[in-house]
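Q: Okay, handing you the structure first.
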Amino acid sequence: MLSAKGVFEEILDNDESFRLFCSIAASGEAQGGWENGRIAALVPASERALAPKITRHGADEDKHGRIFGALLKKRGLTPVEVPHETDYTMLLEKHGIGLAHDKLKGDEPLTVQDVLTYLAHSRVTEQRASEQMRLLLKYFADHPDIGRAVRMISNDEDNHLAYCHEELLRFASAGHGHAIQRTLRECAHTEIRVYRDVSLAVMDHMGRILRWPPTKRKVLAAGIHAVYAFERLGGWRRMVSLRLPERRDALGGSAPAPEFA
């Protein structure tokens with residue numbers, strides 16, 4: 001019987017599939033680091049107090065990218081080019097989710113609405129990241145090779161999610177609630193489609209590398225489609241709800257911990 005843990009173990013135990021997994025993860029984290037860095041630089045004057053937290057968010061993403069790179073180096077591997085169809089962050093941007101890169105590459109200050117768009121995008125994608133890392137944490141927290149990295153990244157993703165909740169609630173109390181909910185819903189509906197497509201593409205690449213039989217590939221694909229069906233029917237709502245987090249000021253205070261892998 002197939003299990004998430006068994007599939008992950010196969011991917012981790014094979015150098016080529018591990019190489020692709022880490023390359024995809026490192027690329028996405030590095031892209032997130034760049035985006036947050038540009039947003040921090042362009043944040044409007046009225047929200048300058050938010051800039052250090054956005055910078056911290058970006059620094060964490062950059063750190064995660066370096067961690068995945070270090071995991072590759074530890075096994076004597078080098079990154080591979082990320083296939084277009086597996087590039088989650090790029091595909092989200094292509095579908096209009098988050099702030100356009102053309103805007104981030106410019107020098108024009110962002111608007112408050114732009115900041116809301118960034119936070120709503122982050123609230124949805126950090127929900128996904130937090131859930132994925134908690135799944136890895138469940139199975140591999142004590143893994144000799146990746147356990148420490150998984151624990152650190154999972155904690156960071158939970159901090160990012162808490163930060164998004166807190167800041168969006170602050171903006172909602174200032175009268176932006178309707179705009180926030182509209183943006184969250186739009187982002188969530190697009191994200192679940194992109195996540196499905198990327199998951200299918202990643203599993204297709206992994207299946208070819210690991211030489212999975214057709215039956216196994218079909219079962220895994222069916223599982224991905226089942227997750228999408230659940231999310232489309234109502235599972236997406238977990239991505240748009242807002243609640244006061246237990247972790248308050250999660251990206252304030254002390255600097256991020258140094259990475260290790």
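We label chains A, B, ... in the order they appear in the structure tokens, count residues from 1 in each chain, and number ligands from 1 in the order shown.
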Residues of range 18-111 of chain A that approach range 201-221 of chain A to 9 Å or less, counting only C-alpha atoms: could you list each one with the shortest pair of atoms and its distance in Å to one decimal, rows by chain and increasing residue number, as JSON lines?

A:
{"residue": "A:Leu20", "atom": "CA", "partner": "A:Met206", "partner_atom": "CA", "distance": 8.3}
{"residue": "A:Phe21", "atom": "CA", "partner": "A:Val202", "partner_atom": "CA", "distance": 8.5}
{"residue": "A:Pro83", "atom": "CA", "partner": "A:Ala201", "partner_atom": "CA", "distance": 8.9}
{"residue": "A:Glu85", "atom": "CA", "partner": "A:Ala201", "partner_atom": "CA", "distance": 6.2}
{"residue": "A:Thr86", "atom": "CA", "partner": "A:Ala201", "partner_atom": "CA", "distance": 5.8}

Q: Next, the residues of the selection above should be written as a PDB file, in the first residue's frame with C-alpha atoms.

A:
ATOM      1  CA  LEU A  20      15.536  17.370  -8.233  1.00  0.00           C
ATOM      2  CA  PHE A  21      13.551  17.741  -4.995  1.00  0.00           C
ATOM      3  CA  PRO A  83      11.635  22.154 -15.102  1.00  0.00           C
ATOM      4  CA  GLU A  85       6.145  22.933 -15.149  1.00  0.00           C
ATOM      5  CA  THR A  86       7.422  22.318 -11.599  1.00  0.00           C
TER       6      THR A  86
END

Q: Within 10 Å of range 236-252 of chain A, which residues of range 147-173 of chain A come that close, and what is the closest atom pair and distance in Å for each? Count only C-alpha atoms and give it as JSON lines.

A:
{"residue": "A:Asp156", "atom": "CA", "partner": "A:Ala250", "partner_atom": "CA", "distance": 9.1}
{"residue": "A:Asp158", "atom": "CA", "partner": "A:Arg247", "partner_atom": "CA", "distance": 8.7}
{"residue": "A:Asn159", "atom": "CA", "partner": "A:Ala250", "partner_atom": "CA", "distance": 5.2}
{"residue": "A:His160", "atom": "CA", "partner": "A:Ala250", "partner_atom": "CA", "distance": 7.2}
{"residue": "A:Leu161", "atom": "CA", "partner": "A:Pro245", "partner_atom": "CA", "distance": 8.7}
{"residue": "A:Ala162", "atom": "CA", "partner": "A:Pro245", "partner_atom": "CA", "distance": 5.4}
{"residue": "A:Tyr163", "atom": "CA", "partner": "A:Ala250", "partner_atom": "CA", "distance": 5.6}
{"residue": "A:Cys164", "atom": "CA", "partner": "A:Leu242", "partner_atom": "CA", "distance": 8.9}
{"residue": "A:His165", "atom": "CA", "partner": "A:Leu242", "partner_atom": "CA", "distance": 5.7}
{"residue": "A:Glu166", "atom": "CA", "partner": "A:Leu244", "partner_atom": "CA", "distance": 6.1}
{"residue": "A:Glu167", "atom": "CA", "partner": "A:Asp249", "partner_atom": "CA", "distance": 9.2}
{"residue": "A:Leu168", "atom": "CA", "partner": "A:Leu242", "partner_atom": "CA", "distance": 7.7}
{"residue": "A:Leu169", "atom": "CA", "partner": "A:Leu242", "partner_atom": "CA", "distance": 6.9}
{"residue": "A:Arg170", "atom": "CA", "partner": "A:Leu244", "partner_atom": "CA", "distance": 9.9}
{"residue": "A:Ala172", "atom": "CA", "partner": "A:Leu242", "partner_atom": "CA", "distance": 9.7}

Q: Restricting the output to N, CA and C atoms, write the selected residues as a PDB file, in the first residue's frame.

A:
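selection-v3.pdb, freshly written:
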ATOM      1  N   ASP A 156      10.126  28.078  10.890  1.00  0.00           N
ATOM      2  CA  ASP A 156      10.101  29.352  10.168  1.00  0.00           C
ATOM      3  C   ASP A 156       8.791  29.533   9.417  1.00  0.00           C
ATOM      4  N   ASP A 158       5.888  28.280  10.078  1.00  0.00           N
ATOM      5  CA  ASP A 158       4.833  28.581  11.040  1.00  0.00           C
ATOM      6  C   ASP A 158       4.899  30.043  11.478  1.00  0.00           C
ATOM      7  N   ASN A 159       6.113  30.567  11.638  1.00  0.00           N
ATOM      8  CA  ASN A 159       6.274  31.990  11.971  1.00  0.00           C
ATOM      9  C   ASN A 159       5.733  32.877  10.855  1.00  0.00           C
ATOM     10  N   HIS A 160       6.038  32.521   9.617  1.00  0.00           N
ATOM     11  CA  HIS A 160       5.578  33.318   8.477  1.00  0.00           C
ATOM     12  C   HIS A 160       4.044  33.333   8.414  1.00  0.00           C
ATOM     13  N   LEU A 161       3.444  32.182   8.656  1.00  0.00           N
ATOM     14  CA  LEU A 161       1.987  32.103   8.610  1.00  0.00           C
ATOM     15  C   LEU A 161       1.367  32.948   9.724  1.00  0.00           C
ATOM     16  N   ALA A 162       1.935  32.881  10.917  1.00  0.00           N
ATOM     17  CA  ALA A 162       1.434  33.682  12.040  1.00  0.00           C
ATOM     18  C   ALA A 162       1.543  35.176  11.725  1.00  0.00           C
ATOM     19  N   TYR A 163       2.656  35.562  11.152  1.00  0.00           N
ATOM     20  CA  TYR A 163       2.881  36.967  10.771  1.00  0.00           C
ATOM     21  C   TYR A 163       1.822  37.454   9.797  1.00  0.00           C
ATOM     22  N   CYS A 164       1.495  36.621   8.793  1.00  0.00           N
ATOM     23  CA  CYS A 164       0.491  37.006   7.804  1.00  0.00           C
ATOM     24  C   CYS A 164      -0.873  37.187   8.456  1.00  0.00           C
ATOM     25  N   HIS A 165      -1.255  36.261   9.325  1.00  0.00           N
ATOM     26  CA  HIS A 165      -2.528  36.387  10.038  1.00  0.00           C
ATOM     27  C   HIS A 165      -2.582  37.708  10.809  1.00  0.00           C
ATOM     28  N   GLU A 166      -1.544  37.976  11.572  1.00  0.00           N
ATOM     29  CA  GLU A 166      -1.539  39.146  12.440  1.00  0.00           C
ATOM     30  C   GLU A 166      -1.605  40.448  11.638  1.00  0.00           C
ATOM     31  N   GLU A 167      -0.811  40.537  10.573  1.00  0.00           N
ATOM     32  CA  GLU A 167      -0.780  41.767   9.799  1.00  0.00           C
ATOM     33  C   GLU A 167      -2.075  41.968   9.007  1.00  0.00           C
ATOM     34  N   LEU A 168      -2.636  40.898   8.463  1.00  0.00           N
ATOM     35  CA  LEU A 168      -3.898  41.035   7.734  1.00  0.00           C
ATOM     36  C   LEU A 168      -5.037  41.429   8.672  1.00  0.00           C
ATOM     37  N   LEU A 169      -5.032  40.905   9.886  1.00  0.00           N
ATOM     38  CA  LEU A 169      -6.043  41.312  10.865  1.00  0.00           C
ATOM     39  C   LEU A 169      -5.892  42.783  11.226  1.00  0.00           C
ATOM     40  N   ARG A 170      -4.666  43.248  11.287  1.00  0.00           N
ATOM     41  CA  ARG A 170      -4.426  44.672  11.570  1.00  0.00           C
ATOM     42  C   ARG A 170      -5.015  45.534  10.456  1.00  0.00           C
ATOM     43  N   ALA A 172      -7.387  44.606   8.393  1.00  0.00           N
ATOM     44  CA  ALA A 172      -8.840  44.425   8.395  1.00  0.00           C
ATOM     45  C   ALA A 172      -9.493  45.360   9.416  1.00  0.00           C
TER      46      ALA A 172
END

Q: With only C-alpha atoms as the basis for distance, which of A:Ala49, A:Val80, A:Leu92, A:Leu42 is at the shortest distance from Arg19 in chain A?

A: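 When distances to Arg19 in chain A are compared using only C-alpha atoms, the smallest one comes from A:Val80.
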
Q: Write out as an MDAnalysis selection string all residues of range 13-172 of chain A that backbone DSSP assigns to alpha helix (DSSP H).

A: chainID A and resid 13 15:42 51:74 88:94 101:104 112:140 147:171

Q: Those residues with C-alpha atoms, as a JSON list (two decimals), in the first residue's frame please?

A:
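New file again.json:
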[["chain", "number", "residue", "atom", "x", "y", "z"],
["A", 13, "ASP", "CA", 17.08, 7.69, -0.90],
["A", 15, "ASP", "CA", 20.44, 10.76, -5.53],
["A", 16, "GLU", "CA", 18.76, 11.95, -8.73],
["A", 17, "SER", "CA", 15.27, 12.34, -7.26],
["A", 18, "PHE", "CA", 16.73, 14.00, -4.13],
["A", 19, "ARG", "CA", 18.69, 16.31, -6.41],
["A", 20, "LEU", "CA", 15.54, 17.37, -8.23],
["A", 21, "PHE", "CA", 13.55, 17.74, -5.00],
["A", 22, "CYS", "CA", 16.16, 20.01, -3.39],
["A", 23, "SER", "CA", 16.69, 21.99, -6.60],
["A", 24, "ILE", "CA", 12.97, 22.74, -6.91],
["A", 25, "ALA", "CA", 12.74, 23.70, -3.23],
["A", 26, "ALA", "CA", 15.88, 25.88, -3.31],
["A", 27, "SER", "CA", 14.73, 27.71, -6.43],
["A", 28, "GLY", "CA", 11.33, 28.53, -4.95],
["A", 29, "GLU", "CA", 12.81, 29.73, -1.67],
["A", 30, "ALA", "CA", 15.37, 31.92, -3.44],
["A", 31, "GLN", "CA", 12.61, 33.47, -5.55],
["A", 32, "GLY", "CA", 10.60, 34.18, -2.41],
["A", 33, "GLY", "CA", 13.64, 35.79, -0.83],
["A", 34, "TRP", "CA", 14.11, 38.12, -3.80],
["A", 35, "GLU", "CA", 10.43, 39.07, -3.87],
["A", 36, "ASN", "CA", 10.34, 39.92, -0.17],
["A", 37, "GLY", "CA", 13.54, 41.91, -0.45],
["A", 38, "ARG", "CA", 12.11, 44.05, -3.24],
["A", 39, "ILE", "CA", 8.80, 44.52, -1.42],
["A", 40, "ALA", "CA", 10.66, 45.67, 1.71],
["A", 41, "ALA", "CA", 12.58, 48.20, -0.38],
["A", 42, "LEU", "CA", 9.43, 49.56, -2.04],
["A", 51, "ALA", "CA", 9.64, 46.77, 6.26],
["A", 52, "PRO", "CA", 11.85, 45.01, 8.87],
["A", 53, "LYS", "CA", 9.37, 42.12, 9.09],
["A", 54, "ILE", "CA", 9.20, 41.80, 5.30],
["A", 55, "THR", "CA", 13.00, 41.84, 5.24],
["A", 56, "ARG", "CA", 13.08, 39.11, 7.89],
["A", 57, "HIS", "CA", 10.59, 37.08, 5.84],
["A", 58, "GLY", "CA", 12.87, 37.36, 2.80],
["A", 59, "ALA", "CA", 15.97, 36.53, 4.84],
["A", 60, "ASP", "CA", 14.30, 33.33, 6.06],
["A", 61, "GLU", "CA", 13.41, 32.33, 2.50],
["A", 62, "ASP", "CA", 16.99, 32.96, 1.36],
["A", 63, "LYS", "CA", 18.20, 30.90, 4.31],
["A", 64, "HIS", "CA", 15.95, 28.01, 3.30],
["A", 65, "GLY", "CA", 17.34, 28.11, -0.22],
["A", 66, "ARG", "CA", 20.87, 27.87, 1.16],
["A", 67, "ILE", "CA", 19.83, 24.97, 3.40],
["A", 68, "PHE", "CA", 18.55, 22.95, 0.45],
["A", 69, "GLY", "CA", 21.76, 23.78, -1.39],
["A", 70, "ALA", "CA", 23.78, 22.60, 1.60],
["A", 71, "LEU", "CA", 21.83, 19.33, 1.70],
["A", 72, "LEU", "CA", 22.81, 18.72, -1.92],
["A", 73, "LYS", "CA", 26.45, 19.57, -1.26],
["A", 74, "LYS", "CA", 26.48, 17.25, 1.75],
["A", 88, "TYR", "CA", 5.46, 26.77, -8.31],
["A", 89, "THR", "CA", 6.43, 30.40, -7.58],
["A", 90, "MET", "CA", 6.93, 31.28, -11.24],
["A", 91, "LEU", "CA", 3.61, 29.73, -12.24],
["A", 92, "LEU", "CA", 1.76, 31.60, -9.50],
["A", 93, "GLU", "CA", 3.24, 34.87, -10.76],
["A", 94, "LYS", "CA", 2.30, 33.93, -14.33],
["A", 101, "HIS", "CA", 7.85, 41.05, -11.07],
["A", 102, "ASP", "CA", 7.87, 44.00, -13.47],
["A", 103, "LYS", "CA", 6.53, 46.14, -10.62],
["A", 104, "LEU", "CA", 9.08, 44.75, -8.14],
["A", 112, "VAL", "CA", -1.24, 49.98, 0.56],
["A", 113, "GLN", "CA", -3.29, 47.78, -1.79],
["A", 114, "ASP", "CA", -0.04, 46.27, -3.08],
["A", 115, "VAL", "CA", 0.96, 45.45, 0.50],
["A", 116, "LEU", "CA", -2.43, 43.80, 1.06],
["A", 117, "THR", "CA", -1.93, 41.77, -2.12],
["A", 118, "TYR", "CA", 1.51, 40.64, -0.90],
["A", 119, "LEU", "CA", 0.18, 39.66, 2.53],
["A", 120, "ALA", "CA", -2.84, 37.81, 1.10],
["A", 121, "HIS", "CA", -0.61, 35.93, -1.36],
["A", 122, "SER", "CA", 1.76, 35.05, 1.48],
["A", 123, "ARG", "CA", -1.09, 33.99, 3.76],
["A", 124, "VAL", "CA", -2.23, 31.41, 1.17],
["A", 125, "THR", "CA", 1.20, 30.13, 0.10],
["A", 126, "GLU", "CA", 2.55, 30.01, 3.65],
["A", 127, "GLN", "CA", -0.44, 27.87, 4.61],
["A", 128, "ARG", "CA", 0.68, 25.41, 1.95],
["A", 129, "ALA", "CA", 4.33, 25.61, 3.01],
["A", 130, "SER", "CA", 3.48, 25.15, 6.68],
["A", 131, "GLU", "CA", 1.36, 22.07, 5.94],
["A", 132, "GLN", "CA", 4.02, 20.53, 3.70],
["A", 133, "MET", "CA", 6.76, 21.05, 6.26],
["A", 134, "ARG", "CA", 4.62, 19.66, 9.07],
["A", 135, "LEU", "CA", 4.12, 16.53, 6.99],
["A", 136, "LEU", "CA", 7.88, 16.19, 6.53],
["A", 137, "LEU", "CA", 8.33, 16.95, 10.22],
["A", 138, "LYS", "CA", 5.94, 14.13, 11.12],
["A", 139, "TYR", "CA", 8.01, 11.56, 9.25],
["A", 140, "PHE", "CA", 11.55, 12.92, 9.22],
["A", 147, "GLY", "CA", 15.94, 16.16, 10.27],
["A", 148, "ARG", "CA", 17.56, 19.34, 11.57],
["A", 149, "ALA", "CA", 16.81, 21.22, 8.36],
["A", 150, "VAL", "CA", 13.17, 20.09, 8.40],
["A", 151, "ARG", "CA", 12.71, 21.22, 12.00],
["A", 152, "MET", "CA", 14.19, 24.66, 11.35],
["A", 153, "ILE", "CA", 12.29, 25.32, 8.11],
["A", 154, "SER", "CA", 9.01, 24.08, 9.60],
["A", 155, "ASN", "CA", 9.36, 26.46, 12.53],
["A", 156, "ASP", "CA", 10.10, 29.35, 10.17],
["A", 157, "GLU", "CA", 7.09, 28.59, 7.98],
["A", 158, "ASP", "CA", 4.83, 28.58, 11.04],
["A", 159, "ASN", "CA", 6.27, 31.99, 11.97],
["A", 160, "HIS", "CA", 5.58, 33.32, 8.48],
["A", 161, "LEU", "CA", 1.99, 32.10, 8.61],
["A", 162, "ALA", "CA", 1.43, 33.68, 12.04],
["A", 163, "TYR", "CA", 2.88, 36.97, 10.77],
["A", 164, "CYS", "CA", 0.49, 37.01, 7.80],
["A", 165, "HIS", "CA", -2.53, 36.39, 10.04],
["A", 166, "GLU", "CA", -1.54, 39.15, 12.44],
["A", 167, "GLU", "CA", -0.78, 41.77, 9.80],
["A", 168, "LEU", "CA", -3.90, 41.04, 7.73],
["A", 169, "LEU", "CA", -6.04, 41.31, 10.86],
["A", 170, "ARG", "CA", -4.43, 44.67, 11.57],
["A", 171, "PHE", "CA", -5.33, 45.90, 8.10]]

Q: For the atom pair CA of His95 in chain A and CA of Val7 in chain A, what is the interatomic distance in Å to one decimal place?

A: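 Atom-to-atom, CA of His95 in chain A to CA of Val7 in chain A, that is 29.3 Å.
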
Q: What's the separation between CA of Asp197 in chain A and CA of Asn14 in chain A, in Å to one decimal place?

A: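 It comes out at 23.5 Å.
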
Q: What does the structure give for the distance between CA of Thr78 in chain A and CA of Ser199 in chain A, in Å to one decimal?

A: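 So the two atoms, CA of Thr78 in chain A and CA of Ser199 in chain A, lie 22.7 Å apart.
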
Q: So which one's closest to Glu47 in chain A, A:Ile224, A:Ile11, A:Leu110, A:Leu2? Using only C-alpha atoms, please.

A: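 Distance minimum relative to Glu47 in chain A lands on A:Leu110.
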